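Let me begin by presenting the structure, written as structure tokens, before commenting on it.
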Amino acid sequence: MNMYSKTLLRFSAIFALLGAFLGSHMAGAGGLEFKTVHAHILVVGWLSLFAFAVYYKIFTPASKLLSALHVYSAIIGAIGLTIGMWFYYVRPFNLADTFTTVFFIIGGSILLLSFIFFLMLTFMKTEE
């Protein structure tokens, strides 16, 4: 499970850098078009993935399958949600409304599943 901790920590660091970069870009440009994406990159990407990394460093969950589902859905969901938000709110490529909405919903739904998997893990027996 230490592998999961390291993987989540690395992804959280990527999100932290991206969120900080977006924040500095918004401050320098004087525009707030990225505010929603910026906030979710930091909260979902950096903080949540970091918290999950700490969990896997401290505990050994009872279910390896549920742990794998949790970790990979958290990473895919965080990426999908934030890119979907970017497509939806910023509209960088003038993509079809249906595509941006579906991309946003799928990313968010995968992330929601990861939180459900995490909830289940926390109520199962763990080893410290």
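The chains in the structure tokens are called A, B, ... from first to last as shown; in each chain the residues are counted from 1, and the ligands are counted from 1 in the order shown.
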
Non-local contacts of Glu33 of chain A (12 Å; only C-alpha atoms; under 5 positions in same chain excluded) as number ranges by chain: A: 22-23, 25-27, 38-39, 85-92

Which neighbours of segment 67-80 of chain A fall inside 8 Å, counting only C-alpha atoms, when residues of the same chain fewer than 6 positions from it are skipped, and could you give them as a VMD selection string? chain A and resid 4 8 11 41 44 to 45 49 61 103 to 104 106 to 115 117 to 118 121

Go through A:Tyr56, A:Met3, A:Gly28, A:Val43 and flag the residue nearest Ala16 of chain A, using only C-alpha atoms for the distances.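 Of all the options, A:Val43 lies closest to Ala16 of chain A.
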
Rounded to one decimal in Å, what is the spacing between atom CA of Phe52 of chain A and atom CA of Ala13 of chain A?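 Calculated distance between atom CA of Phe52 of chain A and atom CA of Ala13 of chain A is 12.8 Å.
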
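If you measure from each of A:Ser12, A:Phe99, A:Thr126, A:Asn94 to Ala53 of chain A using only C-alpha atoms, the closest one turns out to be A:Ser12.
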